[in-house]
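Take a look at the structure set out below.
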Amino acid sequence: MGYRSEVLLIVGKEVMPLFLTAMATASEARDLCFRYRDHCEKDYGEMGSLLFSWTYLKWYDSFDSVAAIENFMDLCDTEDLEEHYRFVRIGEESSDTEERGFFAECQAHVSRAINW
């Protein structure tokens with residue numbers, strides 16, 4: 001069964017070469033993004049950007065696909081490129097959330113609420 005998350009990743013055009021290099025070197029990550037995603041949107045917020053989303057995904061950094069995407073984000077952070085990507089993950093536990101990057105065109109954020 002496993003622990004599942006809802007995940008959003010937005011890649012801006014400025015970091016697209018880094019992202020595509022990560023995808024080229026990790027076939028599992030390439031499959032996750034381009035075959036097994038729930039949603040993909042081209043030109044999200046700006047020309048040349050990509051938005052990927054997954055629901056009910058096992059997001060374990062021990063998986064090669066996840067490690068490749070985490071390494072891409074780490075590289076962006078190291079190179080001061082945080083404003084060119086956005087990552088949001090919500091786990092099953094109410095306190096398990098993760099947000100990285102600051103893609104300027106993105107309004108994505110974590111919001112937990114009870115609606116009635």
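Here's how to read the names in the structure tokens: chain A, B, ... by the order shown, residue numbers from 1 in each chain, ligand numbers from 1 in the order shown.
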
TODO: Write out as a ChimeraX atom specification each polymer residue whose atoms come within 9 Å of region 98-111 of chain A, counting only C-alpha atoms; drop sequence neighbours fewer than 4 positions from it.
DONE: /A:8,10-12,44-46,73,76-77,81-91

Next, dump the selected residues to file, keeping only C-alpha atoms, as a JSON list (two decimals), in the first residue's frame.
[["chain", "number", "residue", "atom", "x", "y", "z"],
["A", 8, "LEU", "CA", 2.84, 19.71, -7.86],
["A", 10, "ILE", "CA", 6.32, 23.77, -11.97],
["A", 11, "VAL", "CA", 9.49, 24.22, -14.01],
["A", 12, "GLY", "CA", 10.18, 27.67, -15.48],
["A", 44, "TYR", "CA", 1.92, 27.55, -17.34],
["A", 45, "GLY", "CA", 2.22, 31.20, -16.32],
["A", 46, "GLU", "CA", 4.83, 31.92, -18.98],
["A", 73, "MET", "CA", 15.55, 21.22, -7.10],
["A", 76, "CYS", "CA", 18.30, 25.14, -8.53],
["A", 77, "ASP", "CA", 18.60, 26.13, -4.86],
["A", 81, "LEU", "CA", 17.40, 29.79, -9.14],
["A", 82, "GLU", "CA", 14.59, 29.19, -6.62],
["A", 83, "GLU", "CA", 12.36, 31.77, -8.32],
["A", 84, "HIS", "CA", 12.20, 29.63, -11.46],
["A", 85, "TYR", "CA", 10.51, 26.53, -10.07],
["A", 86, "ARG", "CA", 7.77, 25.63, -7.58],
["A", 87, "PHE", "CA", 7.23, 22.38, -5.70],
["A", 88, "VAL", "CA", 4.37, 21.63, -3.32],
["A", 89, "ARG", "CA", 3.73, 18.27, -1.66],
["A", 90, "ILE", "CA", 0.95, 17.29, 0.73],
["A", 91, "GLY", "CA", 1.28, 13.98, 2.55]]

Open item on the list: Write out as a PyMOL selection string the set of residues from chain A that DSSP, computed on the backbone, places in strand (DSSP E or B).
Closed with: chain A and resi 5-11+39-42+50-57+85-91+97-101

TODO: Please identify all polymer residues within 12 Å of Arg30 (chain A), counting only C-alpha atoms, omitting same-chain residues fewer than 5 positions from it, and present them as a list in words.
DONE: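 Residues meeting the cut-off are Phe19, Leu20, Thr21, Ala22, Met23, Ala24, Thr25, Arg35, Tyr36, Arg37, Phe52, Asp64, Ser65, Val66, Ala67, Ala68 and Ile69 of chain A.
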
Task: Two-atom distance - CA of His39 (chain A), CA of Thr55 (chain A) (Å) - done: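 Separation between CA of His39 (chain A) and CA of Thr55 (chain A): 9.3 Å.
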
Task: Using only C-alpha atoms: which of A:Tyr3, A:Val15, A:Ala29, A:Tyr56 has the shortest distance to Leu75 (chain A) - done: A:Val15

- [ ] Go ahead and compute the interatomic distance for CA of Phe34 (chain A) and CA of Thr78 (chain A), in Å to one decimal.
- [x]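 CA of Thr78 (chain A) lies at a distance of 25.5 Å from CA of Phe34 (chain A).
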
TODO: Can you work out the spacing between CA of Asp43 (chain A) and CA of Met16 (chain A) in Å, to one decimal?
DONE: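 Those two atoms sit 11.8 Å apart.
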
Task: Residues of region 8-101 of chain A in alpha helix (DSSP H), written as an NGL selection string - done: :A and (16-25 or 27-34 or 64-78)
